[in-house]
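Enquirer: Please find run.csv (CSV, C-alpha atoms) on the next line:
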chain,number,residue,atom,x,y,z
A,1,MET,CA,-6.7,-0.5,34.1
A,2,PHE,CA,-6.3,3.0,32.5
A,3,ASN,CA,-2.5,2.6,32.5
A,4,HIS,CA,-2.7,-0.6,30.6
A,5,PRO,CA,-1.0,-0.2,27.1
A,6,PHE,CA,-4.1,-1.6,25.2
A,7,THR,CA,-6.4,0.8,27.1
A,8,LYS,CA,-4.2,3.7,26.1
A,9,ARG,CA,-4.3,2.4,22.5
A,10,LEU,CA,-8.1,2.3,22.6
A,11,PHE,CA,-8.2,5.9,23.8
A,12,SER,CA,-5.7,6.9,21.1
A,13,SER,CA,-7.8,5.3,18.4
A,14,PHE,CA,-10.8,7.1,19.7
A,15,LEU,CA,-9.0,10.5,19.5
A,16,ASP,CA,-8.0,9.6,15.9
A,17,LEU,CA,-11.7,9.2,15.0
A,18,VAL,CA,-12.9,12.3,16.8
A,19,PRO,CA,-12.3,14.7,13.8
A,20,ILE,CA,-14.2,12.3,11.4
A,21,LEU,CA,-17.1,12.1,13.8
A,22,ALA,CA,-17.1,15.8,14.4
A,23,VAL,CA,-17.4,16.5,10.7
A,24,VAL,CA,-20.2,14.0,10.1
A,25,LEU,CA,-22.2,15.2,13.1
A,26,PHE,CA,-21.7,18.9,12.2
A,27,PHE,CA,-22.9,18.5,8.6
A,28,GLN,CA,-25.7,16.2,9.6
A,29,ILE,CA,-27.1,18.4,12.4
A,30,VAL,CA,-26.1,21.9,11.3
A,31,ILE,CA,-26.1,21.9,7.5
A,32,ILE,CA,-28.5,19.1,6.5
A,33,GLN,CA,-30.5,19.7,9.8
A,34,GLN,CA,-31.9,16.2,10.0
A,35,PRO,CA,-31.7,13.7,12.8
A,36,ILE,CA,-29.0,11.1,12.8
A,37,PRO,CA,-30.4,7.8,11.4
A,38,ASN,CA,-29.7,4.5,13.3
A,39,VAL,CA,-27.9,6.1,16.3
A,40,ALA,CA,-27.5,2.7,18.0
A,41,GLN,CA,-26.0,1.1,14.8
A,42,LEU,CA,-23.7,4.2,14.4
A,43,MET,CA,-22.4,3.9,17.9
A,44,GLY,CA,-21.9,0.2,17.6
A,45,GLY,CA,-20.0,0.6,14.4
A,46,THR,CA,-17.8,3.3,15.9
A,47,LEU,CA,-16.9,1.1,18.8
A,48,LEU,CA,-16.0,-1.7,16.4
A,49,ILE,CA,-13.8,0.7,14.4
A,50,ILE,CA,-12.0,1.8,17.6
A,51,LEU,CA,-11.5,-1.8,18.6
A,52,GLY,CA,-10.3,-2.9,15.2
A,53,LEU,CA,-7.8,0.0,14.8
A,54,SER,CA,-6.4,-0.7,18.3
A,55,VAL,CA,-6.0,-4.4,17.6
A,56,PHE,CA,-4.5,-3.8,14.2
A,57,ILE,CA,-1.9,-1.3,15.4
A,58,GLN,CA,-1.1,-3.6,18.4
A,59,GLY,CA,-0.6,-6.5,15.9
A,60,LEU,CA,1.7,-4.4,13.7
A,61,GLU,CA,3.9,-3.5,16.7
A,62,GLN,CA,4.1,-7.1,18.0
A,63,SER,CA,4.4,-9.0,14.8
A,64,LEU,CA,4.9,-7.4,11.4
A,65,PHE,CA,7.4,-4.7,12.3
A,66,PRO,CA,9.7,-7.1,14.4
A,67,ILE,CA,9.5,-9.8,11.7
A,68,GLY,CA,10.5,-7.4,8.9
A,69,GLU,CA,13.4,-5.9,10.9
A,70,THR,CA,14.6,-9.3,12.1
A,71,MET,CA,14.6,-10.8,8.6
A,72,ALA,CA,16.5,-7.7,7.3
A,73,TYR,CA,19.1,-8.2,10.0
A,74,ALA,CA,19.4,-11.9,9.1
A,75,PHE,CA,19.9,-11.3,5.4
A,76,ALA,CA,22.4,-8.6,6.1
A,77,ARG,CA,24.4,-10.9,8.3
A,78,LYS,CA,24.1,-13.8,5.8
A,79,GLY,CA,25.7,-11.5,3.1
A,80,SER,CA,23.9,-13.2,0.2
A,81,LEU,CA,22.8,-10.5,-2.3
A,82,PHE,CA,20.9,-13.0,-4.4
A,83,TRP,CA,18.7,-14.2,-1.6
A,84,LEU,CA,18.2,-10.7,-0.2
A,85,LEU,CA,17.0,-9.4,-3.6
A,86,THR,CA,14.8,-12.5,-4.0
A,87,PHE,CA,13.3,-12.0,-0.6
A,88,ALA,CA,12.7,-8.3,-1.4
A,89,PHE,CA,10.9,-9.1,-4.7
A,90,CYS,CA,8.8,-11.9,-3.1
A,91,LEU,CA,7.9,-9.7,-0.2
A,92,GLY,CA,6.7,-6.8,-2.5
A,93,PHE,CA,4.8,-9.2,-4.8
A,94,GLY,CA,3.2,-11.3,-2.0
A,95,THR,CA,2.0,-8.4,0.2
A,96,THR,CA,0.6,-6.6,-2.8
A,97,VAL,CA,-1.3,-9.6,-4.2
A,98,ALA,CA,-3.0,-9.9,-0.8
A,99,GLU,CA,-3.7,-6.2,-0.5
A,100,PRO,CA,-7.5,-5.7,0.1
A,101,ALA,CA,-7.6,-2.2,-1.4
A,102,LEU,CA,-6.0,-3.5,-4.6
A,103,ILE,CA,-8.4,-6.4,-4.9
A,104,ALA,CA,-11.4,-4.0,-4.5
A,105,VAL,CA,-10.0,-1.5,-7.1
A,106,THR,CA,-9.2,-4.2,-9.7
A,107,ASP,CA,-12.6,-5.9,-9.2
A,108,GLU,CA,-14.4,-2.5,-9.7
A,109,ALA,CA,-12.2,-1.7,-12.7
A,110,ALA,CA,-13.2,-5.1,-14.3
A,111,ARG,CA,-16.8,-4.4,-13.6
A,112,ILE,CA,-16.7,-1.0,-15.2
A,113,ALA,CA,-14.7,-2.3,-18.2
A,114,SER,CA,-17.2,-5.0,-18.8
A,115,LYS,CA,-20.1,-2.5,-18.5
A,116,GLY,CA,-18.3,-0.2,-21.0
A,117,ASN,CA,-17.8,-3.0,-23.5
A,118,ILE,CA,-14.0,-2.8,-23.2
A,119,ILE,CA,-14.0,-6.5,-22.3
A,120,GLU,CA,-16.5,-9.2,-22.7
A,121,GLN,CA,-19.6,-9.1,-20.4
A,122,SER,CA,-18.8,-12.4,-18.7
A,123,ASP,CA,-17.6,-13.5,-15.3
A,124,ALA,CA,-14.5,-15.2,-16.8
A,125,ALA,CA,-13.5,-12.0,-18.7
A,126,ARG,CA,-14.0,-9.9,-15.6
A,127,GLU,CA,-12.0,-12.3,-13.4
A,128,ASN,CA,-9.1,-12.4,-16.0
A,129,TYR,CA,-9.0,-8.7,-16.3
A,130,ALA,CA,-9.0,-8.1,-12.6
A,131,LEU,CA,-6.3,-10.8,-12.1
A,132,GLY,CA,-4.2,-9.4,-14.8
A,133,LEU,CA,-4.2,-6.0,-13.2
A,134,ARG,CA,-3.4,-7.5,-9.7
A,135,ILE,CA,-0.5,-9.5,-11.0
A,136,THR,CA,0.8,-6.5,-13.0
A,137,VAL,CA,0.7,-4.3,-9.9
A,138,ALA,CA,2.2,-7.0,-7.7
A,139,LEU,CA,5.1,-7.4,-10.1
A,140,SER,CA,5.7,-3.7,-10.2
A,141,VAL,CA,5.8,-3.5,-6.4
A,142,GLY,CA,8.1,-6.5,-6.2
A,143,PHE,CA,10.4,-4.7,-8.7
A,144,ALA,CA,10.2,-1.5,-6.7
A,145,ILE,CA,11.2,-3.2,-3.5
A,146,LEU,CA,14.1,-5.0,-5.2
A,147,VAL,CA,15.4,-1.7,-6.7
A,148,GLY,CA,14.8,0.0,-3.3
A,149,VAL,CA,16.9,-2.6,-1.5
A,150,LEU,CA,19.7,-2.1,-4.1
A,151,ARG,CA,19.5,1.6,-3.4
A,152,ILE,CA,20.1,1.0,0.3
A,153,LEU,CA,23.0,-1.3,-0.4
A,154,ARG,CA,24.6,1.0,-3.0
A,155,GLY,CA,23.7,4.3,-1.3
A,156,TRP,CA,22.0,5.8,-4.4
A,157,PRO,CA,20.1,9.0,-3.7
A,158,LEU,CA,16.3,8.4,-3.6
A,159,PHE,CA,15.4,11.4,-5.7
A,160,TYR,CA,17.2,10.0,-8.7
A,161,LEU,CA,14.7,7.0,-8.7
A,162,ILE,CA,11.7,9.2,-8.0
A,163,ILE,CA,12.4,11.8,-10.6
A,164,GLY,CA,13.3,9.2,-13.2
A,165,GLY,CA,10.2,7.2,-12.5
A,166,TYR,CA,7.8,10.2,-12.8
A,167,CYS,CA,9.6,11.2,-16.1
A,168,CYS,CA,8.7,7.7,-17.4
A,169,VAL,CA,5.1,8.3,-16.2
A,170,LEU,CA,4.9,11.6,-18.0
A,171,VAL,CA,6.3,10.1,-21.2
A,172,MET,CA,4.0,7.1,-21.2
A,173,THR,CA,0.8,8.8,-20.3
A,174,PRO,CA,0.1,10.3,-23.8
A,175,PHE,CA,0.6,6.9,-25.4
A,176,ALA,CA,-1.4,4.8,-23.0
A,177,PRO,CA,-5.0,3.9,-23.6
A,178,ALA,CA,-7.3,6.5,-22.0
A,179,GLU,CA,-9.2,3.8,-20.2
A,180,ILE,CA,-6.2,2.6,-18.3
A,181,ILE,CA,-4.6,5.9,-17.2
A,182,GLY,CA,-6.9,6.5,-14.3
A,183,ILE,CA,-6.6,2.9,-13.1
A,184,ALA,CA,-2.8,3.1,-13.4
A,185,TYR,CA,-2.6,6.3,-11.3
A,186,ASP,CA,-5.0,4.9,-8.7
A,187,SER,CA,-3.0,1.6,-8.5
A,188,GLY,CA,-0.1,3.5,-7.1
A,189,GLY,CA,-2.1,4.6,-4.1
A,190,VAL,CA,-3.9,1.4,-3.2
A,191,THR,CA,-0.7,-0.7,-3.2
A,192,THR,CA,0.6,1.2,-0.2
A,193,SER,CA,-2.0,0.1,2.4
A,194,THR,CA,-2.5,-2.0,5.4
A,195,ILE,CA,-0.3,-5.1,4.6
A,196,THR,CA,2.4,-3.7,2.3
A,197,VAL,CA,3.4,-0.6,4.3
A,198,PRO,CA,4.3,-2.2,7.6
A,199,LEU,CA,6.5,-5.0,6.2
A,200,VAL,CA,8.2,-2.9,3.6
A,201,THR,CA,9.0,-0.1,6.0
A,202,ALA,CA,10.3,-2.6,8.6
A,203,LEU,CA,12.5,-4.1,5.9
A,204,GLY,CA,14.0,-0.8,4.8
A,205,VAL,CA,14.7,0.5,8.3
A,206,GLY,CA,16.1,-2.8,9.4
A,207,LEU,CA,18.3,-3.2,6.4
A,208,ALA,CA,19.6,0.4,6.7
A,209,THR,CA,20.3,-0.2,10.4
A,210,ALA,CA,22.1,-3.4,9.9
A,211,ILE,CA,24.4,-2.2,7.1
A,212,LYS,CA,27.4,-0.2,8.2
A,213,GLY,CA,27.6,3.4,6.9
A,214,ARG,CA,23.8,3.6,6.3
A,215,ASN,CA,21.5,6.0,8.1
A,216,PRO,CA,18.1,4.5,8.9
A,217,MET,CA,16.4,8.0,8.7
A,218,ILE,CA,18.0,8.8,5.3
A,219,ASP,CA,18.3,5.4,3.7
A,220,GLY,CA,15.7,3.3,5.5
A,221,PHE,CA,12.7,5.2,4.3
A,222,GLY,CA,11.6,5.8,0.7
A,223,LEU,CA,10.7,2.3,-0.4
A,224,ILE,CA,7.0,3.1,-0.1
A,225,ALA,CA,7.3,6.1,-2.3
A,226,PHE,CA,9.0,4.1,-5.0
A,227,ALA,CA,6.5,1.3,-4.6
A,228,SER,CA,3.6,3.7,-5.2
A,229,LEU,CA,5.3,5.0,-8.4
A,230,THR,CA,6.1,1.8,-10.3
A,231,PRO,CA,2.5,0.5,-10.6
A,232,MET,CA,1.7,3.6,-12.8
A,233,ILE,CA,4.4,2.6,-15.2
A,234,PHE,CA,3.6,-1.1,-15.2
A,235,VAL,CA,-0.2,-0.8,-15.5
A,236,MET,CA,0.1,1.7,-18.4
A,237,ALA,CA,2.5,-0.7,-20.1
A,238,TYR,CA,0.0,-3.5,-19.5
A,239,GLY,CA,-2.7,-1.4,-21.1
A,240,MET,CA,-0.6,-0.6,-24.1
A,241,LEU,CA,0.4,-4.3,-24.6
A,242,VAL,CA,-2.8,-6.1,-23.7
What would you get if you wrote out this structure as structure tokens?

Expert:
Amino acid sequence: MFNHPFTKRLFSSFLDLVPILAVVLFFQIVIIQQPIPNVAQLMGGTLLIILGLSVFIQGLEQSLFPIGETMAYAFARKGSLFWLLTFAFCLGFGTTVAEPALIAVTDEAARIASKGNIIEQSDAARENYALGLRITVALSVGFAILVGVLRILRGWPLFYLIIGGYCCVLVMTPFAPAEIIGIAYDSGGVTTSTITVPLVTALGVGLATAIKGRNPMIDGFGLIAFASLTPMIFVMAYGMLV
């Protein structure tokens, strides 16, 4: 039983949570010096987190990573640049639109914008604002994955794209509305979360492995970094235009 892979995964997830639990318990008992409220609920929630993390990681290893790598191999063998780039854009767009962290941030941004009289105080205005942000960020990630795939195919150095992108961010920031800058910067972080990262990473590594002359360690990684950069540019442009 203890040698079963899933049991080992459960124990590994528990070890990952130990630092967080230690910090909470230390400040609650030593600094605040108050008893821990709802101990049974806390223990039950911790067990659910451990189980959820274990199942999630197991799912990544059994489904998302193999699917991404298999599709990358298939497109590389097919030799169609158009369909490969189309798939890359659709993958970036689709995974980002479904990203829970992005949905939460755009909904919160819409709520605050409505409260601050930046948009109308109505459900329709908030929904349109949040949807506009989500679509903008999703388009930016789709564009980033498309350019990232081209980088792998052409062998472009990654730092050219990263430095060029941050130069655009620095140039655009003084001209963007102050209300959109923080949202734009945060959008870059929330796009690289539970759904986007596994599939995009698998695509990059699989593609770099399948193409002759490419090193998976050098060329396969870097898509996530670029995908976290482009939303800053697109969202600030969205703020300036809309």

Enquirer: Could you give me, as a list in words, the residues that sit within 12 Å of (16.9, -14.4, -1.4) in the file's coordinates, counting all atoms listed in the file?

Expert: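 The distance filter leaves exactly Met71, Ala72, Ala74, Phe75, Ala76, Lys78, Gly79, Ser80, Leu81, Phe82, Trp83, Leu84, Leu85, Thr86, Phe87, Ala88, Phe89, Cys90, Leu91, Leu146 and Val149 of chain A.
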
Enquirer: Report the distance between atom CA of Ser187 of chain A and atom CA of Leu241 of chain A in Å, rounded to one decimal place.

Expert: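 Taking atom CA of Ser187 of chain A as the start and atom CA of Leu241 of chain A as the end point, the length is 17.5 Å.
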
Enquirer: Measuring atom to atom with only C-alpha atoms, identify which of A:Met217, A:Val200, A:Val97, A:Ile180 is nearest to Gly239 of chain A.

Expert: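 Checking each candidate against Gly239 of chain A, we get A:Ile180 as the closest.
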
Enquirer: For Leu199 of chain A, list every protein, DNA or RNA residue within 12 Å, evaluated using all atoms listed in the file, and leave out those in the same chain fewer than 5 positions away; present the list as a short mmCIF file (atom, residue, chain, number, x, y, z; two decimals) with C-alpha atoms, in the coordinates of the input.

Expert:
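Once everything was written out, this is result.cif:
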data_model
loop_
_atom_site.label_atom_id
_atom_site.label_comp_id
_atom_site.auth_asym_id
_atom_site.auth_seq_id
_atom_site.Cartn_x
_atom_site.Cartn_y
_atom_site.Cartn_z
CA LEU A 60 1.70 -4.40 13.70
CA GLU A 61 3.90 -3.50 16.70
CA SER A 63 4.40 -9.00 14.80
CA LEU A 64 4.90 -7.40 11.40
CA PHE A 65 7.40 -4.70 12.30
CA PRO A 66 9.70 -7.10 14.40
CA ILE A 67 9.50 -9.80 11.70
CA GLY A 68 10.50 -7.40 8.90
CA GLU A 69 13.40 -5.90 10.90
CA THR A 70 14.60 -9.30 12.10
CA MET A 71 14.60 -10.80 8.60
CA ALA A 72 16.50 -7.70 7.30
CA PHE A 87 13.30 -12.00 -0.60
CA ALA A 88 12.70 -8.30 -1.40
CA CYS A 90 8.80 -11.90 -3.10
CA LEU A 91 7.90 -9.70 -0.20
CA GLY A 92 6.70 -6.80 -2.50
CA PHE A 93 4.80 -9.20 -4.80
CA GLY A 94 3.20 -11.30 -2.00
CA THR A 95 2.00 -8.40 0.20
CA THR A 96 0.60 -6.60 -2.80
CA ILE A 145 11.20 -3.20 -3.50
CA THR A 192 0.60 1.20 -0.20
CA SER A 193 -2.00 0.10 2.40
CA THR A 194 -2.50 -2.00 5.40
CA GLY A 204 14.00 -0.80 4.80
CA VAL A 205 14.70 0.50 8.30
CA GLY A 206 16.10 -2.80 9.40
CA LEU A 207 18.30 -3.20 6.40
CA LEU A 223 10.70 2.30 -0.40
CA ILE A 224 7.00 3.10 -0.10
#

Enquirer: Rank nothing, just name the residue among A:Phe226, A:Phe175, A:Phe234, A:Tyr129 nearest to Leu161 of chain A, using only C-alpha atoms.

Expert: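 Closest residue, counting only C-alpha atoms: A:Phe226.
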
Enquirer: Taking into account only C-alpha atoms, which residue in the set A:Ala104, A:Ala138, A:Ile31, A:Ala110 is nearest to Asp123 of chain A?

Expert: A:Ala110

Enquirer: Of the residues A:Gly220, A:Asn215, A:Ala101, A:Glu108, which is the one nearest to Gly188 of chain A, using all atoms listed in the file?

Expert: A:Ala101

Enquirer: How many Å lie between atom CA of Gly52 of chain A and atom CA of Ala202 of chain A, rounded to one decimal?

Expert: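 A separation of 21.6 Å between them.
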
Enquirer: Using only C-alpha atoms, find the one residue out of A:Ile162, A:Leu21, A:Val39, A:Ile103 that sits nearest to Ser228 of chain A.

Expert: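 Nearest candidate to Ser228 of chain A out of A:Ile162, A:Leu21, A:Val39, A:Ile103: A:Ile162.
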
Enquirer: Would you mind reading off the distance between atom CA of Gln28 of chain A and atom CA of Ser13 of chain A, one decimal, in Å?

Expert: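 Spanning atom CA of Gln28 of chain A to atom CA of Ser13 of chain A is a straight-line distance of 22.7 Å.
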
Enquirer: Which of these residues is nearest to Ile218 of chain A, using all atoms listed in the file: A:Ala124, A:Val55, A:Met236, A:Leu158?

Expert: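 Answer, going by the shortest atom-to-atom distance: A:Leu158.
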
Enquirer: Hey, what's within 9 Å of Ile181 of chain A if we count all atoms listed in the file and toss same-chain stuff fewer than 5 positions away? As a list in words, please?

Expert: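 Residues meeting the cut-off are Thr173, Ala176, Asp186, Met232, Val235, Met236 and Gly239 of chain A.
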
Enquirer: Excluding Arg111 of chain A and any residue of its chain fewer than 5 positions from it, enumerate the residues within 10 Å of it, using all atoms listed in the file, and give them as a list of chain:residue names.

Expert: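 In the requested format, the answer is A:Val105, A:Thr106, A:Gly116, A:Ile119, A:Gln121, A:Ser122, A:Asp123, A:Ala125, A:Arg126, A:Glu127, A:Tyr129, A:Ala130.
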
Enquirer: For the residues in that selection, give me C-alpha atoms as a compact mmCIF listing (two decimals), in the coordinates of the input.

Expert:
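Listing of selection.txt after writing:
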# COMPACT_ATOMS: atom_id res chain seq x y z
CA VAL A 105 -10.00 -1.50 -7.10
CA THR A 106 -9.20 -4.20 -9.70
CA GLY A 116 -18.30 -0.20 -21.00
CA ILE A 119 -14.00 -6.50 -22.30
CA GLN A 121 -19.60 -9.10 -20.40
CA SER A 122 -18.80 -12.40 -18.70
CA ASP A 123 -17.60 -13.50 -15.30
CA ALA A 125 -13.50 -12.00 -18.70
CA ARG A 126 -14.00 -9.90 -15.60
CA GLU A 127 -12.00 -12.30 -13.40
CA TYR A 129 -9.00 -8.70 -16.30
CA ALA A 130 -9.00 -8.10 -12.60
